[in-house]
Amino acid sequence: MCIFCKIVNNEIPNNTVLENDEFLCFHDINPAAKIHVLIIPKKHYDSFDVIEPELMSNMTKFIHEVASKLGVRESGYRIITNIGDHGGQEVHHLHIHLLAGEYVGRLVGAKK
Ligand code: 5GP
Ligand code: ZN
């Protein structure tokens with residue numbers, strides 16, 4: 001079972017921000033900004049690349065709820081999902097990073 005499935009099953013502890021039947025949001029263990037949370041479907045999908053488009057509809061609503069709960073909708077935030085080797089994906093369970101709480105830069109590109 002993958003590490004995020006273990007988090008969903010409460011086999012690994014997490015710092016939960018919000019959850020519902022379908023999705024879970026928790027703080028990243030190694031934050032890259034003042035606020036850095038991860039949003040995942042509770043069901044395992046390897047990455048964004050293999051999902052049905054409809055999943056993103058509910059996930060979008062959930063991300064909006066997370067952003068509201070974190071109080072960052074006015075100040076702004078960035079969402080990122082890494083896909084595969086060139087995308088720098090390390091955990092192969094679909095997750096959306098949400099970065100906020102400070103200016104997080106204009107663009108994320110290749111880092112040599
Ligand atoms: P990726 O590089 O796959 O897009 O992002 C994986 C993210 O998961 C990283 O930002 C990493 O810090 C985070 N992470 C990895 N293992 C754990 C964990 O056990 N708990 C939490 N909360 N975050 C984790
Ligand atoms: Zn998983």
# chains A, B, ... in the order shown; residues from 1 in each chain; ligands from 1
>>> residues_near_ligand(ligand="ligand 1", cutoff="10 Å", atoms="only C-alpha atoms and all ligand atoms", output="PyMOL selection string")
chain A and resi 3-4+6-7+12-16+25-32+36-38+47+80-85+87-97
>>> write_last_selection(atoms="C-alpha atoms", output="CSV table (one decimal), in the first residue's frame")
chain,number,residue,atom,x,y,z
A,3,ILE,CA,2.3,6.0,1.8
A,4,PHE,CA,-0.7,8.3,1.1
A,6,LYS,CA,-1.6,4.5,4.7
A,7,ILE,CA,-2.4,8.1,5.7
A,12,ILE,CA,0.5,6.9,9.3
A,13,PRO,CA,-0.5,10.0,11.3
A,14,ASN,CA,-1.2,13.3,9.6
A,15,ASN,CA,-2.1,16.9,10.4
A,16,THR,CA,-5.5,17.1,8.8
A,25,CYS,CA,-6.2,17.6,2.9
A,26,PHE,CA,-3.2,17.5,5.3
A,27,HIS,CA,-0.1,19.5,5.9
A,28,ASP,CA,3.0,18.6,4.0
A,29,ILE,CA,5.7,17.1,6.2
A,30,ASN,CA,8.4,19.2,4.5
A,31,PRO,CA,6.7,22.6,3.8
A,32,ALA,CA,8.0,24.6,0.9
A,36,HIS,CA,1.9,24.0,2.3
A,37,VAL,CA,-0.8,21.4,2.2
A,38,LEU,CA,-1.6,18.3,0.1
A,47,SER,CA,-1.3,10.6,-10.8
A,80,ILE,CA,0.6,22.2,-8.4
A,81,THR,CA,0.5,18.6,-9.3
A,82,ASN,CA,3.7,16.8,-10.3
A,83,ILE,CA,3.3,14.0,-12.8
A,84,GLY,CA,5.9,11.2,-13.5
A,85,ASP,CA,9.7,11.4,-13.6
A,87,GLY,CA,7.3,16.2,-13.4
A,88,GLY,CA,9.3,15.4,-10.2
A,89,GLN,CA,6.7,13.2,-8.7
A,90,GLU,CA,7.9,11.2,-5.7
A,91,VAL,CA,4.7,9.9,-4.2
A,92,HIS,CA,2.7,8.0,-6.8
A,93,HIS,CA,-0.7,8.8,-5.3
A,94,LEU,CA,-2.4,11.8,-7.0
A,95,HIS,CA,-1.9,14.9,-4.8
A,96,ILE,CA,-2.3,18.6,-5.4
A,97,HIS,CA,0.1,20.8,-3.5
>>> select_by_dssp(residues="range 18-93 of chain A", states="strand (DSSP E)", output="MDAnalysis selection string")
chainID A and resid 18:19 23:27 35:41 77:80
>>> select_by_dssp(residues="range 17-97 of chain A", states="alpha helix (DSSP H)", output="PyMOL selection string")
chain A and resi 53-70
>>> write_last_selection(atoms="N, CA and C atoms", output="compact mmCIF listing (two decimals), in the first residue's frame")
# COMPACT_ATOMS: atom_id res chain seq x y z
N PRO A 53 -11.76 12.95 -16.07
CA PRO A 53 -11.89 14.39 -15.87
C PRO A 53 -12.90 14.76 -14.78
N GLU A 54 -13.94 13.92 -14.63
CA GLU A 54 -15.00 14.24 -13.66
C GLU A 54 -14.47 14.34 -12.23
N LEU A 55 -13.39 13.61 -11.91
CA LEU A 55 -12.84 13.66 -10.55
C LEU A 55 -12.43 15.09 -10.19
N MET A 56 -11.91 15.80 -11.18
CA MET A 56 -11.40 17.15 -10.92
C MET A 56 -12.53 18.13 -10.58
N SER A 57 -13.75 17.79 -10.98
CA SER A 57 -14.87 18.67 -10.68
C SER A 57 -15.10 18.71 -9.17
N ASN A 58 -15.25 17.55 -8.54
CA ASN A 58 -15.42 17.50 -7.08
C ASN A 58 -14.16 17.95 -6.36
N MET A 59 -13.01 17.61 -6.94
CA MET A 59 -11.75 17.98 -6.30
C MET A 59 -11.59 19.51 -6.30
N THR A 60 -12.03 20.15 -7.37
CA THR A 60 -11.97 21.61 -7.43
C THR A 60 -12.80 22.23 -6.32
N LYS A 61 -14.01 21.70 -6.13
CA LYS A 61 -14.86 22.21 -5.04
C LYS A 61 -14.17 22.04 -3.70
N PHE A 62 -13.56 20.89 -3.51
CA PHE A 62 -12.89 20.61 -2.23
C PHE A 62 -11.69 21.55 -2.03
N ILE A 63 -10.94 21.80 -3.10
CA ILE A 63 -9.79 22.72 -3.00
C ILE A 63 -10.27 24.12 -2.62
N HIS A 64 -11.40 24.54 -3.19
CA HIS A 64 -11.95 25.85 -2.81
C HIS A 64 -12.30 25.87 -1.32
N GLU A 65 -12.85 24.78 -0.81
CA GLU A 65 -13.19 24.71 0.62
C GLU A 65 -11.92 24.78 1.48
N VAL A 66 -10.88 24.09 1.03
CA VAL A 66 -9.59 24.11 1.75
C VAL A 66 -9.06 25.55 1.77
N ALA A 67 -9.05 26.20 0.61
CA ALA A 67 -8.52 27.58 0.52
C ALA A 67 -9.32 28.51 1.41
N SER A 68 -10.64 28.31 1.49
CA SER A 68 -11.47 29.12 2.39
C SER A 68 -11.09 28.86 3.83
N LYS A 69 -10.95 27.59 4.18
CA LYS A 69 -10.63 27.24 5.57
C LYS A 69 -9.27 27.81 5.98
N LEU A 70 -8.33 27.83 5.04
CA LEU A 70 -6.99 28.37 5.32
C LEU A 70 -6.99 29.90 5.26
>>> atom_distance(atom1="CA of Cys2 in chain A", atom2="CA of Asp49 in chain A")
17.4 Å
>>> closest_residue(among="A:Ile35, A:Val72, A:Leu24, A:Val104", to="Asn9 in chain A", atoms="only C-alpha atoms")
A:Leu24
>>> closest_residue(among="A:Glu102, A:Val17, A:Lys34, A:Tyr45", to="ligand 2", atoms="only C-alpha atoms and all ligand atoms")
A:Tyr45
>>> closest_residue(among="A:Ala33, A:Lys42, A:Glu22, A:Glu11", to="ligand 2", atoms="only C-alpha atoms and all ligand atoms")
A:Lys42
>>> decode(residues="range 4-16 of chain A", atoms="all heavy atoms", output="PDB file, in the first residue's frame")
ATOM      1  N   PHE A   4       0.453   7.429   0.951  1.00  0.00           N
ATOM      2  CA  PHE A   4      -0.737   8.268   1.137  1.00  0.00           C
ATOM      3  C   PHE A   4      -1.976   7.400   1.408  1.00  0.00           C
ATOM      4  O   PHE A   4      -2.881   7.831   2.134  1.00  0.00           O
ATOM      5  CB  PHE A   4      -0.942   9.205  -0.057  1.00  0.00           C
ATOM      6  CG  PHE A   4       0.037  10.365  -0.092  1.00  0.00           C
ATOM      7  CD1 PHE A   4       0.037  11.268  -1.157  1.00  0.00           C
ATOM      8  CD2 PHE A   4       0.963  10.577   0.927  1.00  0.00           C
ATOM      9  CE1 PHE A   4       0.930  12.343  -1.195  1.00  0.00           C
ATOM     10  CE2 PHE A   4       1.866  11.645   0.899  1.00  0.00           C
ATOM     11  CZ  PHE A   4       1.846  12.532  -0.171  1.00  0.00           C
ATOM     12  N   CYS A   5      -2.027   6.193   0.852  1.00  0.00           N
ATOM     13  CA  CYS A   5      -3.119   5.270   1.220  1.00  0.00           C
ATOM     14  C   CYS A   5      -3.022   4.926   2.704  1.00  0.00           C
ATOM     15  O   CYS A   5      -4.047   4.807   3.391  1.00  0.00           O
ATOM     16  CB  CYS A   5      -3.060   4.002   0.370  1.00  0.00           C
ATOM     17  SG  CYS A   5      -3.713   4.228  -1.307  1.00  0.00           S
ATOM     18  N   LYS A   6      -1.789   4.796   3.215  1.00  0.00           N
ATOM     19  CA  LYS A   6      -1.615   4.527   4.653  1.00  0.00           C
ATOM     20  C   LYS A   6      -2.078   5.722   5.485  1.00  0.00           C
ATOM     21  O   LYS A   6      -2.629   5.547   6.579  1.00  0.00           O
ATOM     22  CB  LYS A   6      -0.152   4.199   4.963  1.00  0.00           C
ATOM     23  CG  LYS A   6       0.240   2.813   4.491  1.00  0.00           C
ATOM     24  CD  LYS A   6       1.670   2.471   4.843  1.00  0.00           C
ATOM     25  CE  LYS A   6       2.009   1.071   4.350  1.00  0.00           C
ATOM     26  NZ  LYS A   6       3.453   0.830   4.335  1.00  0.00           N
ATOM     27  N   ILE A   7      -1.860   6.933   4.976  1.00  0.00           N
ATOM     28  CA  ILE A   7      -2.363   8.125   5.673  1.00  0.00           C
ATOM     29  C   ILE A   7      -3.895   8.114   5.677  1.00  0.00           C
ATOM     30  O   ILE A   7      -4.521   8.350   6.720  1.00  0.00           O
ATOM     31  CB  ILE A   7      -1.787   9.409   5.030  1.00  0.00           C
ATOM     32  CG1 ILE A   7      -0.308   9.556   5.455  1.00  0.00           C
ATOM     33  CG2 ILE A   7      -2.597  10.646   5.411  1.00  0.00           C
ATOM     34  CD1 ILE A   7       0.426  10.732   4.846  1.00  0.00           C
ATOM     35  N   VAL A   8      -4.498   7.779   4.538  1.00  0.00           N
ATOM     36  CA  VAL A   8      -5.968   7.699   4.459  1.00  0.00           C
ATOM     37  C   VAL A   8      -6.498   6.672   5.464  1.00  0.00           C
ATOM     38  O   VAL A   8      -7.516   6.889   6.125  1.00  0.00           O
ATOM     39  CB  VAL A   8      -6.418   7.329   3.021  1.00  0.00           C
ATOM     40  CG1 VAL A   8      -7.903   6.984   2.979  1.00  0.00           C
ATOM     41  CG2 VAL A   8      -6.118   8.476   2.054  1.00  0.00           C
ATOM     42  N   ASN A   9      -5.776   5.563   5.620  1.00  0.00           N
ATOM     43  CA  ASN A   9      -6.195   4.482   6.534  1.00  0.00           C
ATOM     44  C   ASN A   9      -5.774   4.710   7.979  1.00  0.00           C
ATOM     45  O   ASN A   9      -5.916   3.807   8.808  1.00  0.00           O
ATOM     46  CB  ASN A   9      -5.593   3.144   6.080  1.00  0.00           C
ATOM     47  CG  ASN A   9      -6.309   2.593   4.873  1.00  0.00           C
ATOM     48  OD1 ASN A   9      -7.392   3.028   4.545  1.00  0.00           O
ATOM     49  ND2 ASN A   9      -5.685   1.633   4.214  1.00  0.00           N
ATOM     50  N   ASN A  10      -5.213   5.888   8.256  1.00  0.00           N
ATOM     51  CA  ASN A  10      -4.742   6.212   9.605  1.00  0.00           C
ATOM     52  C   ASN A  10      -3.647   5.283  10.107  1.00  0.00           C
ATOM     53  O   ASN A  10      -3.476   5.108  11.310  1.00  0.00           O
ATOM     54  CB  ASN A  10      -5.909   6.240  10.605  1.00  0.00           C
ATOM     55  CG  ASN A  10      -6.722   7.512  10.452  1.00  0.00           C
ATOM     56  OD1 ASN A  10      -6.152   8.603  10.356  1.00  0.00           O
ATOM     57  ND2 ASN A  10      -8.035   7.379  10.398  1.00  0.00           N
ATOM     58  N   GLU A  11      -2.906   4.686   9.191  1.00  0.00           N
ATOM     59  CA  GLU A  11      -1.754   3.865   9.597  1.00  0.00           C
ATOM     60  C   GLU A  11      -0.530   4.751   9.784  1.00  0.00           C
ATOM     61  O   GLU A  11       0.421   4.365  10.457  1.00  0.00           O
ATOM     62  CB  GLU A  11      -1.463   2.793   8.541  1.00  0.00           C
ATOM     63  CG  GLU A  11      -2.524   1.713   8.489  1.00  0.00           C
ATOM     64  CD  GLU A  11      -2.333   0.771   7.319  1.00  0.00           C
ATOM     65  OE1 GLU A  11      -1.173   0.481   6.955  1.00  0.00           O
ATOM     66  OE2 GLU A  11      -3.357   0.329   6.753  1.00  0.00           O
ATOM     67  N   ILE A  12      -0.531   5.929   9.132  1.00  0.00           N
ATOM     68  CA  ILE A  12       0.509   6.937   9.328  1.00  0.00           C
ATOM     69  C   ILE A  12      -0.217   8.207   9.767  1.00  0.00           C
ATOM     70  O   ILE A  12      -1.202   8.601   9.127  1.00  0.00           O
ATOM     71  CB  ILE A  12       1.297   7.192   8.023  1.00  0.00           C
ATOM     72  CG1 ILE A  12       2.061   5.939   7.607  1.00  0.00           C
ATOM     73  CG2 ILE A  12       2.242   8.377   8.163  1.00  0.00           C
ATOM     74  CD1 ILE A  12       2.774   6.071   6.278  1.00  0.00           C
ATOM     75  N   PRO A  13       0.235   8.841  10.867  1.00  0.00           N
ATOM     76  CA  PRO A  13      -0.458  10.045  11.339  1.00  0.00           C
ATOM     77  C   PRO A  13      -0.304  11.217  10.374  1.00  0.00           C
ATOM     78  O   PRO A  13       0.675  11.274   9.617  1.00  0.00           O
ATOM     79  CB  PRO A  13       0.229  10.352  12.680  1.00  0.00           C
ATOM     80  CG  PRO A  13       1.492   9.581  12.690  1.00  0.00           C
ATOM     81  CD  PRO A  13       1.380   8.467  11.704  1.00  0.00           C
ATOM     82  N   ASN A  14      -1.278  12.112  10.395  1.00  0.00           N
ATOM     83  CA  ASN A  14      -1.180  13.310   9.551  1.00  0.00           C
ATOM     84  C   ASN A  14      -1.845  14.460  10.275  1.00  0.00           C
ATOM     85  O   ASN A  14      -2.634  14.273  11.195  1.00  0.00           O
ATOM     86  CB  ASN A  14      -1.847  13.065   8.193  1.00  0.00           C
ATOM     87  CG  ASN A  14      -3.355  13.090   8.293  1.00  0.00           C
ATOM     88  OD1 ASN A  14      -4.004  14.112   8.128  1.00  0.00           O
ATOM     89  ND2 ASN A  14      -3.941  11.932   8.614  1.00  0.00           N
ATOM     90  N   ASN A  15      -1.504  15.657   9.828  1.00  0.00           N
ATOM     91  CA  ASN A  15      -2.065  16.880  10.387  1.00  0.00           C
ATOM     92  C   ASN A  15      -3.168  17.347   9.434  1.00  0.00           C
ATOM     93  O   ASN A  15      -2.918  18.071   8.478  1.00  0.00           O
ATOM     94  CB  ASN A  15      -0.926  17.899  10.527  1.00  0.00           C
ATOM     95  CG  ASN A  15      -1.336  19.118  11.297  1.00  0.00           C
ATOM     96  OD1 ASN A  15      -2.507  19.286  11.642  1.00  0.00           O
ATOM     97  ND2 ASN A  15      -0.384  19.985  11.552  1.00  0.00           N
ATOM     98  N   THR A  16      -4.389  16.898   9.704  1.00  0.00           N
ATOM     99  CA  THR A  16      -5.501  17.106   8.777  1.00  0.00           C
ATOM    100  C   THR A  16      -6.017  18.535   8.810  1.00  0.00           C
ATOM    101  O   THR A  16      -6.177  19.125   9.880  1.00  0.00           O
ATOM    102  CB  THR A  16      -6.665  16.151   9.128  1.00  0.00           C
ATOM    103  OG1 THR A  16      -6.209  14.796   9.026  1.00  0.00           O
ATOM    104  CG2 THR A  16      -7.853  16.340   8.199  1.00  0.00           C
TER     105      THR A  16
END
